[in-house]
file entry03.cif (mmCIF, C-alpha atoms and all ligand atoms)
data_data
loop_
_atom_site.label_atom_id
_atom_site.label_comp_id
_atom_site.auth_asym_id
_atom_site.auth_seq_id
_atom_site.Cartn_x
_atom_site.Cartn_y
_atom_site.Cartn_z
CA MET V 1246 -26.94 9.21 17.76
CA ILE V 1247 -23.30 10.16 17.41
CA LYS V 1248 -21.48 12.87 19.34
CA ILE V 1249 -18.90 15.09 17.72
CA ALA V 1250 -16.13 16.30 20.00
CA PRO V 1251 -13.86 18.71 18.11
CA SER V 1252 -10.34 18.76 19.56
CA ILE V 1253 -9.31 22.28 20.47
CA LEU V 1254 -5.67 21.19 20.18
CA SER V 1255 -6.10 21.29 16.42
CA ALA V 1256 -7.84 24.69 16.26
CA ASP V 1257 -6.24 28.00 15.30
CA PHE V 1258 -4.83 29.24 18.62
CA SER V 1259 -4.54 32.83 17.37
CA LYS V 1260 -8.35 33.02 17.47
CA LEU V 1261 -9.48 30.31 19.83
CA GLY V 1262 -12.65 32.07 21.00
CA GLU V 1263 -13.87 32.55 17.41
CA GLU V 1264 -13.11 28.91 16.61
CA VAL V 1265 -15.21 27.73 19.55
CA ILE V 1266 -18.10 29.98 18.50
CA LYS V 1267 -17.89 28.42 15.01
CA LEU V 1268 -17.98 24.92 16.53
CA ASN V 1269 -20.95 25.98 18.62
CA ASP V 1270 -22.85 27.21 15.56
CA ALA V 1271 -21.88 24.17 13.47
CA GLY V 1272 -23.46 21.72 15.94
CA ALA V 1273 -20.55 20.28 17.90
CA ASP V 1274 -21.75 18.15 20.84
CA PHE V 1275 -18.67 18.42 23.09
CA ILE V 1276 -15.53 20.56 23.08
CA HIS V 1277 -12.61 18.17 23.57
CA ILE V 1278 -9.80 19.70 25.58
CA ASP V 1279 -6.45 18.01 25.88
CA VAL V 1280 -4.63 18.72 29.12
CA MET V 1281 -0.98 17.57 29.01
CA ASP V 1282 1.65 17.83 31.71
CA GLY V 1283 4.92 16.97 29.92
CA GLU V 1284 5.17 13.83 32.10
CA PHE V 1285 2.33 11.50 31.22
CA VAL V 1286 2.76 12.59 27.58
CA PRO V 1287 5.75 14.32 25.99
CA ASN V 1288 3.96 17.63 25.39
CA LEU V 1289 2.34 20.51 27.26
CA MET V 1290 -1.13 21.78 26.57
CA LEU V 1291 -4.09 23.73 27.82
CA GLY V 1292 -4.15 24.98 31.38
CA THR V 1293 -6.75 26.12 33.84
CA GLU V 1294 -7.06 29.76 32.72
CA SER V 1295 -7.61 29.00 29.03
CA ILE V 1296 -10.27 26.45 29.95
CA LYS V 1297 -12.04 29.03 32.11
CA HIS V 1298 -12.18 31.45 29.15
CA LEU V 1299 -13.54 28.78 26.82
CA ARG V 1300 -16.46 28.27 29.20
CA GLU V 1301 -17.31 31.96 28.75
CA VAL V 1302 -17.90 31.60 25.00
CA THR V 1303 -19.89 28.36 24.82
CA ASP V 1304 -22.52 26.32 26.61
CA ILE V 1305 -21.43 23.10 24.88
CA PRO V 1306 -20.20 20.67 27.55
CA LEU V 1307 -16.44 20.51 27.81
CA ASP V 1308 -14.86 17.09 27.38
CA ILE V 1309 -11.66 17.39 29.38
CA HIS V 1310 -9.04 14.75 28.61
CA MET V 1311 -6.51 14.65 31.43
CA MET V 1312 -3.21 13.36 30.08
CA VAL V 1313 -1.38 14.02 33.33
CA GLU V 1314 0.27 12.02 36.11
CA LYS V 1315 -1.76 11.85 39.34
CA PRO V 1316 -4.88 13.58 38.01
CA GLU V 1317 -6.49 13.19 41.45
CA GLU V 1318 -4.16 15.93 42.72
CA LYS V 1319 -4.98 18.33 39.85
CA LEU V 1320 -8.74 17.98 39.26
CA ASP V 1321 -9.54 20.70 41.81
CA TRP V 1322 -7.58 23.26 39.78
CA PHE V 1323 -10.04 23.05 36.88
CA ASP V 1324 -13.26 24.29 38.43
CA ILE V 1325 -15.07 21.32 36.84
CA GLN V 1326 -18.73 22.06 36.21
CA PRO V 1327 -21.78 19.77 36.45
CA GLY V 1328 -22.52 18.15 33.11
CA GLU V 1329 -18.94 18.28 31.84
CA TYR V 1330 -17.11 15.12 30.77
CA VAL V 1331 -13.75 14.38 32.37
CA SER V 1332 -11.46 11.50 31.35
CA VAL V 1333 -8.59 10.20 33.39
CA HIS V 1334 -6.17 7.57 32.15
CA ALA V 1335 -6.19 4.21 33.94
CA GLU V 1336 -2.38 4.33 33.56
CA SER V 1337 -2.04 7.65 35.41
CA THR V 1338 -3.65 7.13 38.81
CA ARG V 1339 -3.07 4.50 41.47
CA HIS V 1340 -6.58 4.72 42.93
CA LEU V 1341 -8.62 4.87 39.76
CA GLN V 1342 -12.01 4.25 41.38
CA ARG V 1343 -11.45 7.02 43.92
CA THR V 1344 -10.43 9.44 41.16
CA LEU V 1345 -13.56 8.61 39.13
CA ALA V 1346 -15.74 9.07 42.21
CA LYS V 1347 -14.17 12.50 42.75
CA ILE V 1348 -15.20 13.51 39.21
CA ALA V 1349 -18.76 12.34 39.92
CA ASP V 1350 -18.75 14.50 43.08
CA TYR V 1351 -18.44 17.62 40.89
CA GLY V 1352 -21.63 16.53 39.12
CA ALA V 1353 -19.53 15.79 36.02
CA HIS V 1354 -19.51 12.60 33.92
CA PRO V 1355 -16.51 10.41 34.80
CA MET V 1356 -14.73 8.73 31.90
CA VAL V 1357 -11.81 6.34 31.92
CA ALA V 1358 -9.20 6.61 29.14
CA LEU V 1359 -6.90 3.85 27.88
CA ASN V 1360 -3.76 4.05 25.75
CA PRO V 1361 -3.55 1.72 22.73
CA ALA V 1362 -1.31 -0.78 24.57
CA THR V 1363 -3.35 -0.94 27.78
CA PRO V 1364 -5.57 -4.04 27.96
CA LEU V 1365 -9.32 -3.72 28.51
CA CYS V 1366 -9.10 -5.75 31.73
CA MET V 1367 -7.76 -2.55 33.37
CA LEU V 1368 -11.27 -1.09 33.38
CA GLU V 1369 -13.42 -4.14 34.06
CA ASP V 1370 -13.84 -3.23 37.72
CA VAL V 1371 -14.71 0.45 37.26
CA LEU V 1372 -17.47 0.12 34.67
CA ASP V 1373 -20.10 0.99 37.29
CA ASP V 1374 -18.25 4.26 37.92
CA VAL V 1375 -18.10 5.69 34.39
CA SER V 1376 -20.40 7.29 31.83
CA GLY V 1377 -18.03 6.48 29.00
CA VAL V 1378 -14.67 5.05 27.96
CA LEU V 1379 -12.19 7.10 25.93
CA LEU V 1380 -10.20 4.71 23.78
CA MET V 1381 -7.02 6.20 22.38
CA THR V 1382 -6.60 5.15 18.77
CA VAL V 1383 -3.13 6.78 18.61
CA ASN V 1384 -0.56 7.15 21.38
CA PRO V 1385 -1.57 10.38 23.09
CA GLY V 1386 0.33 13.64 22.99
CA PHE V 1387 0.18 14.98 19.45
CA ALA V 1388 -2.26 15.73 16.69
CA GLY V 1389 -1.68 14.39 13.18
CA GLN V 1390 -0.60 10.81 13.97
CA LYS V 1391 -1.55 7.59 12.18
CA LEU V 1392 -4.16 5.18 13.56
CA VAL V 1393 -2.81 2.26 15.59
CA PRO V 1394 -4.75 -0.35 13.57
CA GLN V 1395 -5.30 -2.92 16.31
CA THR V 1396 -7.40 -0.37 18.22
CA LEU V 1397 -10.29 -1.02 15.81
CA GLY V 1398 -10.68 -4.57 17.13
CA LYS V 1399 -10.35 -3.20 20.65
CA ILE V 1400 -13.45 -1.01 20.12
CA THR V 1401 -15.42 -4.12 19.14
CA ARG V 1402 -14.15 -6.07 22.15
CA LEU V 1403 -14.95 -3.20 24.51
CA ARG V 1404 -18.50 -2.87 23.16
CA GLU V 1405 -18.99 -6.62 23.70
CA LEU V 1406 -17.62 -6.36 27.25
CA LEU V 1407 -19.92 -3.43 28.08
CA ASP V 1408 -23.01 -5.18 26.72
CA LYS V 1409 -22.15 -8.53 28.31
CA THR V 1410 -21.71 -6.96 31.75
CA GLY V 1411 -24.93 -4.89 31.72
CA HIS V 1412 -23.26 -1.56 30.88
CA GLU V 1413 -25.21 -0.85 27.69
CA GLU V 1414 -25.48 2.85 28.59
CA VAL V 1415 -21.68 3.35 28.79
CA PHE V 1416 -20.55 4.94 25.53
CA ILE V 1417 -17.26 4.61 23.68
CA GLU V 1418 -15.38 7.71 22.55
CA VAL V 1419 -12.42 7.42 20.18
CA ASP V 1420 -9.48 9.80 20.02
CA GLY V 1421 -6.74 9.95 17.43
CA ASN V 1422 -6.76 9.94 13.60
CA VAL V 1423 -10.55 9.95 13.52
CA SER V 1424 -10.55 10.67 9.79
CA PHE V 1425 -13.46 10.63 7.34
CA GLU V 1426 -12.13 7.21 6.28
CA ASN V 1427 -11.52 5.71 9.75
CA ALA V 1428 -14.60 7.09 11.53
CA PRO V 1429 -17.21 4.84 9.83
CA LYS V 1430 -15.10 1.77 10.74
CA MET V 1431 -14.93 3.02 14.33
CA TYR V 1432 -18.68 3.60 14.30
CA HIS V 1433 -19.38 0.07 13.07
CA ALA V 1434 -17.10 -1.31 15.79
CA GLY V 1435 -19.21 0.51 18.42
CA ALA V 1436 -17.80 4.03 18.90
CA ARG V 1437 -20.43 6.74 19.38
CA ALA V 1438 -18.38 9.83 20.28
CA PHE V 1439 -15.62 11.06 18.01
CA VAL V 1440 -12.73 13.38 18.81
CA CYS V 1441 -12.27 15.30 15.59
CA GLY V 1442 -8.94 17.01 14.94
CA THR V 1443 -6.61 17.56 12.00
CA SER V 1444 -7.77 14.30 10.37
CA SER V 1445 -11.28 15.61 9.76
CA ILE V 1446 -12.89 18.88 10.76
CA PHE V 1447 -9.68 20.93 11.24
CA GLY V 1448 -8.14 19.48 8.07
CA LYS V 1449 -6.77 21.43 5.11
CA ASN V 1450 -9.95 21.17 3.04
CA GLY V 1451 -13.27 22.81 3.79
CA SER V 1452 -14.55 25.00 6.59
CA ILE V 1453 -15.31 23.72 10.09
CA GLU V 1454 -19.04 23.95 9.31
CA GLU V 1455 -18.71 21.98 6.05
CA ASN V 1456 -16.52 19.36 7.67
CA ILE V 1457 -18.87 18.76 10.61
CA ALA V 1458 -21.75 18.28 8.18
CA LYS V 1459 -19.60 15.96 6.02
CA PHE V 1460 -18.53 13.99 9.11
CA LYS V 1461 -22.11 13.42 10.27
CA LYS V 1462 -23.11 12.37 6.76
CA SER V 1463 -20.23 9.89 6.41
CA MET V 1464 -21.63 8.05 9.41
CA GLU V 1465 -25.06 7.59 7.82
CA GLU V 1466 -23.62 5.68 4.84
C1 LIG K 1 -4.55 13.24 21.51
C2 LIG K 1 -5.32 14.34 20.81
C3 LIG K 1 -5.26 14.06 19.34
C4 LIG K 1 -5.83 15.01 18.36
C5 LIG K 1 -6.87 14.42 17.48
O1 LIG K 1 -3.67 13.49 22.39
O2 LIG K 1 -6.62 14.42 21.35
O3 LIG K 1 -5.64 12.78 19.13
O4 LIG K 1 -6.10 16.26 18.73
O5 LIG K 1 -6.67 14.87 16.22
P1 LIG K 1 -5.99 14.13 14.96
O6 LIG K 1 -7.09 14.04 13.97
O7 LIG K 1 -4.90 15.07 14.52
O8 LIG K 1 -5.45 12.81 15.40
ZN ZN K 2 -7.75 13.90 23.61
#

call {"tool": "encode", "arguments": {"input": "entry03.cif", "output": "structure tokens", "more": "lines below"}}
Ligand code: DX5
Ligand code: ZN
result
Amino acid sequence: MIKIAPSILSADFSKLGEEVIKLNDAGADFIHIDVMDGEFVPNLMLGTESIKHLREVTDIPLDIHMMVEKPEEKLDWFDIQPGEYVSVHAESTRHLQRTLAKIADYGAHPMVALNPATPLCMLEDVLDDVSGVLLMTVNPGFAGQKLVPQTLGKITRLRELLDKTGHEEVFIEVDGNVSFENAPKMYHAGARAFVCGTSSIFGKNGSIEENIAKFKKSMEE
């Protein structure tokens, strides 16, 4: 079973609530929310108030991607709810295991995120502490970038590492240029959750509903 995580960063911000309702009705599994602090990534994005309002229009679990320095100091600002997914970058926090444990304390699913250049050995010792791994397939910060091709092999190597170490239940989510063309390759490499932005469901062609249906179908082929 695959999980579709539409990236709110790519939605129409003039009618964000309506966009989320559309995603809800079209069968999205998560709502992916990029939080950026202008330090960890060269951009600023969604803050605590907007996230609170999004929770009012949907019951779909939020998938909060913290692209911020020292996330351990900021998690409390977000009123994280049980059942939500929260990713922190291994590159952003000195005490990664403690930060992941803090996410679990909210009743949320801890996830560890890695930039394309960060080796998989960075997460070997926290695999017991996560529900999933968010592998960046572009350098984070902006929508509309091209796939970093070597990340495809990294998905395969991560799946092998998870299976070899008894972490079969830990899932791999991919983020960045998850296009109709790239997604099946990511799926075959072992990805099961897909952050969908301008490359697929918020693209120029087709409605959100049509594109989610097309995305799911492309994975069956
Ligand atoms: C990363 C973001 C983006 C984006 C995904 O910081 O999560 O990867 O919204 O969408 P596209 O398809 O534009 O890469
Ligand atoms: Zn993201």

call {"tool": "closest_residue", "arguments": {"input": "entry03.cif", "among": "V:Pro1429, V:Pro1364, V:Pro1394, V:Pro1385", "to": "ligand LIG 1 (chain K)", "atoms": "only C-alpha atoms and all ligand atoms"}}
result
V:Pro1385

call {"tool": "closest_residue", "arguments": {"input": "entry03.cif", "among": "V:Ser1376, V:Asn1450, V:Asn1360, V:Thr1338", "to": "ligand LIG 1 (chain K)", "atoms": "all atoms listed in the file"}}
result
V:Asn1360

call {"tool": "atom_distance", "arguments": {"input": "entry03.cif", "atom1": "atom CA of Ile1249 of chain V", "atom2": "atom CA of His1298 of chain V"}}
result
21.1 Å

call {"tool": "axis_aligned_box", "arguments": {"input": "entry03.cif", "around": "ligand LIG 1 (chain K)", "padding_each_side": "5 Å", "output": "lines of an AutoDock Vina configuration file"}}
result
center_x = -5.4
center_y = 14.5
center_z = 18.2
size_x = 13.4
size_y = 13.5
size_z = 18.4

call {"tool": "closest_residue", "arguments": {"input": "entry03.cif", "among": "V:Asn1384, V:Ser1452, V:Thr1344, V:Asn1269", "to": "ligand LIG 1 (chain K)", "atoms": "all atoms listed in the file"}}
result
V:Asn1384

call {"tool": "closest_residue", "arguments": {"input": "entry03.cif", "among": "V:Lys1319, V:Arg1404, V:Arg1339, V:Lys1449", "to": "ligand LIG 1 (chain K)", "atoms": "all atoms listed in the file"}}
result
V:Lys1449

call {"tool": "closest_atom_pairs", "arguments": {"input": "entry03.cif", "of": "chain V", "to": "ligand LIG 1 (chain K)", "cutoff": "6 Å", "atoms": "only C-alpha atoms and all ligand atoms", "output": "JSON lines"}}
result
{"residue": "V:Ser1252", "atom": "CA", "partner": "K:LIG1", "partner_atom": "O4", "distance": 5.0}
{"residue": "V:Leu1254", "atom": "CA", "partner": "K:LIG1", "partner_atom": "O4", "distance": 5.2}
{"residue": "V:Ser1255", "atom": "CA", "partner": "K:LIG1", "partner_atom": "O4", "distance": 5.5}
{"residue": "V:Asp1279", "atom": "CA", "partner": "K:LIG1", "partner_atom": "O2", "distance": 5.8}
{"residue": "V:Pro1385", "atom": "CA", "partner": "K:LIG1", "partner_atom": "O1", "distance": 3.8}
{"residue": "V:Gly1386", "atom": "CA", "partner": "K:LIG1", "partner_atom": "O1", "distance": 4.0}
{"residue": "V:Phe1387", "atom": "CA", "partner": "K:LIG1", "partner_atom": "O1", "distance": 5.1}
{"residue": "V:Ala1388", "atom": "CA", "partner": "K:LIG1", "partner_atom": "O7", "distance": 3.5}
{"residue": "V:Gly1389", "atom": "CA", "partner": "K:LIG1", "partner_atom": "O7", "distance": 3.6}
{"residue": "V:Gln1390", "atom": "CA", "partner": "K:LIG1", "partner_atom": "O8", "distance": 5.4}
{"residue": "V:Asp1420", "atom": "CA", "partner": "K:LIG1", "partner_atom": "O3", "distance": 4.9}
{"residue": "V:Gly1421", "atom": "CA", "partner": "K:LIG1", "partner_atom": "O3", "distance": 3.5}
{"residue": "V:Asn1422", "atom": "CA", "partner": "K:LIG1", "partner_atom": "O8", "distance": 3.6}
{"residue": "V:Val1423", "atom": "CA", "partner": "K:LIG1", "partner_atom": "O6", "distance": 5.4}
{"residue": "V:Cys1441", "atom": "CA", "partner": "K:LIG1", "partner_atom": "O6", "distance": 5.6}
{"residue": "V:Gly1442", "atom": "CA", "partner": "K:LIG1", "partner_atom": "O5", "distance": 3.4}
{"residue": "V:Thr1443", "atom": "CA", "partner": "K:LIG1", "partner_atom": "O7", "distance": 3.9}
{"residue": "V:Ser1444", "atom": "CA", "partner": "K:LIG1", "partner_atom": "O6", "distance": 3.7}

call {"tool": "atom_distance", "arguments": {"input": "entry03.cif", "atom1": "atom CA of Ile1325 of chain V", "atom2": "atom CA of Tyr1351 of chain V"}}
result
6.4 Å

call {"tool": "closest_residue", "arguments": {"input": "entry03.cif", "among": "V:Met1381, V:Ala1458, V:Leu1365, V:Ile1266", "to": "Arg1402 of chain V", "atoms": "only C-alpha atoms"}}
result
V:Leu1365

call {"tool": "residues_near_point", "arguments": {"input": "entry03.cif", "point": "(-16.0, -9.2, 29.7)", "cutoff": "12 Å", "atoms": "all atoms listed in the file", "output": "ChimeraX atom specification"}}
result
/V:1364-1370,1372,1401-1412

call {"tool": "write_last_selection", "arguments": {"input": "entry03.cif", "atoms": "C-alpha atoms", "output": "compact mmCIF listing (two decimals), keeping the file's coordinate frame"}}
result
# COMPACT_ATOMS: atom_id res chain seq x y z
CA PRO V 1364 -5.57 -4.04 27.96
CA LEU V 1365 -9.32 -3.72 28.51
CA CYS V 1366 -9.10 -5.75 31.73
CA MET V 1367 -7.76 -2.55 33.37
CA LEU V 1368 -11.27 -1.09 33.38
CA GLU V 1369 -13.42 -4.14 34.06
CA ASP V 1370 -13.84 -3.23 37.72
CA LEU V 1372 -17.47 0.12 34.67
CA THR V 1401 -15.42 -4.12 19.14
CA ARG V 1402 -14.15 -6.07 22.15
CA LEU V 1403 -14.95 -3.20 24.51
CA ARG V 1404 -18.50 -2.87 23.16
CA GLU V 1405 -18.99 -6.62 23.70
CA LEU V 1406 -17.62 -6.36 27.25
CA LEU V 1407 -19.92 -3.43 28.08
CA ASP V 1408 -23.01 -5.18 26.72
CA LYS V 1409 -22.15 -8.53 28.31
CA THR V 1410 -21.71 -6.96 31.75
CA GLY V 1411 -24.93 -4.89 31.72
CA HIS V 1412 -23.26 -1.56 30.88

call {"tool": "residues_around", "arguments": {"input": "entry03.cif", "residues": "Glu1466 of chain V", "least_positions_apart": "2", "cutoff": "12 Å", "atoms": "only C-alpha atoms", "output": "PyMOL selection string"}}
result
chain V and resi 1425-1426+1428-1430+1432-1433+1459-1464

call {"tool": "closest_residue", "arguments": {"input": "entry03.cif", "among": "V:Leu1397, V:Phe1275, V:Val1357, V:Asp1270", "to": "Pro1251 of chain V", "atoms": "only C-alpha atoms"}}
result
V:Phe1275

call {"tool": "residues_near_point", "arguments": {"input": "entry03.cif", "point": "(-12.3, 30.5, 23.5)", "cutoff": "12 Å", "atoms": "all atoms listed in the file", "output": "number ranges by chain"}}
result
V: 1253-1254, 1256-1269, 1276, 1278, 1291, 1294-1305, 1307

call {"tool": "write_last_selection", "arguments": {"input": "entry03.cif", "atoms": "C-alpha atoms", "output": "CSV table (one decimal), in the coordinates of the input"}}
result
chain,number,residue,atom,x,y,z
V,1253,ILE,CA,-9.3,22.3,20.5
V,1254,LEU,CA,-5.7,21.2,20.2
V,1256,ALA,CA,-7.8,24.7,16.3
V,1257,ASP,CA,-6.2,28.0,15.3
V,1258,PHE,CA,-4.8,29.2,18.6
V,1259,SER,CA,-4.5,32.8,17.4
V,1260,LYS,CA,-8.4,33.0,17.5
V,1261,LEU,CA,-9.5,30.3,19.8
V,1262,GLY,CA,-12.6,32.1,21.0
V,1263,GLU,CA,-13.9,32.6,17.4
V,1264,GLU,CA,-13.1,28.9,16.6
V,1265,VAL,CA,-15.2,27.7,19.6
V,1266,ILE,CA,-18.1,30.0,18.5
V,1267,LYS,CA,-17.9,28.4,15.0
V,1268,LEU,CA,-18.0,24.9,16.5
V,1269,ASN,CA,-21.0,26.0,18.6
V,1276,ILE,CA,-15.5,20.6,23.1
V,1278,ILE,CA,-9.8,19.7,25.6
V,1291,LEU,CA,-4.1,23.7,27.8
V,1294,GLU,CA,-7.1,29.8,32.7
V,1295,SER,CA,-7.6,29.0,29.0
V,1296,ILE,CA,-10.3,26.4,30.0
V,1297,LYS,CA,-12.0,29.0,32.1
V,1298,HIS,CA,-12.2,31.4,29.2
V,1299,LEU,CA,-13.5,28.8,26.8
V,1300,ARG,CA,-16.5,28.3,29.2
V,1301,GLU,CA,-17.3,32.0,28.8
V,1302,VAL,CA,-17.9,31.6,25.0
V,1303,THR,CA,-19.9,28.4,24.8
V,1304,ASP,CA,-22.5,26.3,26.6
V,1305,ILE,CA,-21.4,23.1,24.9
V,1307,LEU,CA,-16.4,20.5,27.8

call {"tool": "build_atoms", "arguments": {"input": "entry03.cif", "residues": "segment 1427-1436 of chain V", "atoms": "all heavy atoms", "output": "mmCIF file, in the frame of the given file"}}
result
data_model
loop_
_atom_site.group_PDB
_atom_site.id
_atom_site.type_symbol
_atom_site.label_atom_id
_atom_site.label_comp_id
_atom_site.auth_asym_id
_atom_site.auth_seq_id
_atom_site.Cartn_x
_atom_site.Cartn_y
_atom_site.Cartn_z
ATOM 1 N N ASN V 1427 -11.542 6.618 8.582
ATOM 2 C CA ASN V 1427 -11.520 5.710 9.750
ATOM 3 C C ASN V 1427 -12.808 5.758 10.576
ATOM 4 O O ASN V 1427 -13.194 4.762 11.191
ATOM 5 C CB ASN V 1427 -10.343 6.062 10.676
ATOM 6 C CG ASN V 1427 -9.003 5.717 10.049
ATOM 7 O OD1 ASN V 1427 -8.920 4.814 9.218
ATOM 8 N ND2 ASN V 1427 -7.956 6.441 10.432
ATOM 9 N N ALA V 1428 -13.458 6.921 10.622
ATOM 10 C CA ALA V 1428 -14.600 7.090 11.530
ATOM 11 C C ALA V 1428 -15.738 6.078 11.275
ATOM 12 O O ALA V 1428 -16.255 5.507 12.243
ATOM 13 C CB ALA V 1428 -15.112 8.520 11.475
ATOM 14 N N PRO V 1429 -16.127 5.823 10.013
ATOM 15 C CA PRO V 1429 -17.210 4.840 9.830
ATOM 16 C C PRO V 1429 -16.832 3.450 10.345
ATOM 17 O O PRO V 1429 -17.668 2.733 10.902
ATOM 18 C CB PRO V 1429 -17.432 4.827 8.307
ATOM 19 C CG PRO V 1429 -16.922 6.166 7.850
ATOM 20 C CD PRO V 1429 -15.763 6.488 8.749
ATOM 21 N N LYS V 1430 -15.545 3.083 10.220
ATOM 22 C CA LYS V 1430 -15.100 1.770 10.740
ATOM 23 C C LYS V 1430 -15.202 1.773 12.262
ATOM 24 O O LYS V 1430 -15.582 0.782 12.886
ATOM 25 C CB LYS V 1430 -13.633 1.501 10.361
ATOM 26 C CG LYS V 1430 -13.396 1.374 8.868
ATOM 27 C CD LYS V 1430 -11.913 1.106 8.604
ATOM 28 C CE LYS V 1430 -11.563 1.504 7.181
ATOM 29 N NZ LYS V 1430 -10.149 1.738 6.975
ATOM 30 N N MET V 1431 -14.858 2.904 12.872
ATOM 31 C CA MET V 1431 -14.930 3.020 14.330
ATOM 32 C C MET V 1431 -16.395 2.957 14.781
ATOM 33 O O MET V 1431 -16.736 2.339 15.788
ATOM 34 C CB MET V 1431 -14.293 4.342 14.779
ATOM 35 C CG MET V 1431 -12.796 4.393 14.527
ATOM 36 S SD MET V 1431 -12.206 6.093 14.624
ATOM 37 C CE MET V 1431 -10.439 5.846 14.818
ATOM 38 N N TYR V 1432 -17.243 3.604 13.995
ATOM 39 C CA TYR V 1432 -18.680 3.600 14.300
ATOM 40 C C TYR V 1432 -19.211 2.158 14.251
ATOM 41 O O TYR V 1432 -19.911 1.709 15.164
ATOM 42 C CB TYR V 1432 -19.435 4.485 13.290
ATOM 43 C CG TYR V 1432 -20.925 4.459 13.491
ATOM 44 C CD1 TYR V 1432 -21.525 5.281 14.449
ATOM 45 C CD2 TYR V 1432 -21.737 3.586 12.761
ATOM 46 C CE1 TYR V 1432 -22.899 5.239 14.668
ATOM 47 C CE2 TYR V 1432 -23.107 3.544 12.969
ATOM 48 C CZ TYR V 1432 -23.682 4.373 13.919
ATOM 49 O OH TYR V 1432 -25.039 4.316 14.136
ATOM 50 N N HIS V 1433 -18.873 1.437 13.194
ATOM 51 C CA HIS V 1433 -19.380 0.070 13.070
ATOM 52 C C HIS V 1433 -18.857 -0.838 14.179
ATOM 53 O O HIS V 1433 -19.523 -1.778 14.598
ATOM 54 C CB HIS V 1433 -19.084 -0.499 11.677
ATOM 55 C CG HIS V 1433 -19.950 0.159 10.634
ATOM 56 N ND1 HIS V 1433 -21.315 0.050 10.643
ATOM 57 C CD2 HIS V 1433 -19.647 0.988 9.607
ATOM 58 C CE1 HIS V 1433 -21.824 0.773 9.660
ATOM 59 N NE2 HIS V 1433 -20.833 1.359 9.013
ATOM 60 N N ALA V 1434 -17.665 -0.518 14.674
ATOM 61 C CA ALA V 1434 -17.100 -1.310 15.790
ATOM 62 C C ALA V 1434 -17.793 -0.969 17.114
ATOM 63 O O ALA V 1434 -17.689 -1.726 18.069
ATOM 64 C CB ALA V 1434 -15.607 -1.050 15.886
ATOM 65 N N GLY V 1435 -18.474 0.186 17.182
ATOM 66 C CA GLY V 1435 -19.210 0.510 18.420
ATOM 67 C C GLY V 1435 -18.927 1.878 19.009
ATOM 68 O O GLY V 1435 -19.487 2.215 20.055
ATOM 69 N N ALA V 1436 -18.073 2.681 18.375
ATOM 70 C CA ALA V 1436 -17.800 4.030 18.900
ATOM 71 C C ALA V 1436 -19.000 4.931 18.623
ATOM 72 O O ALA V 1436 -19.648 4.814 17.578
ATOM 73 C CB ALA V 1436 -16.561 4.609 18.247
#
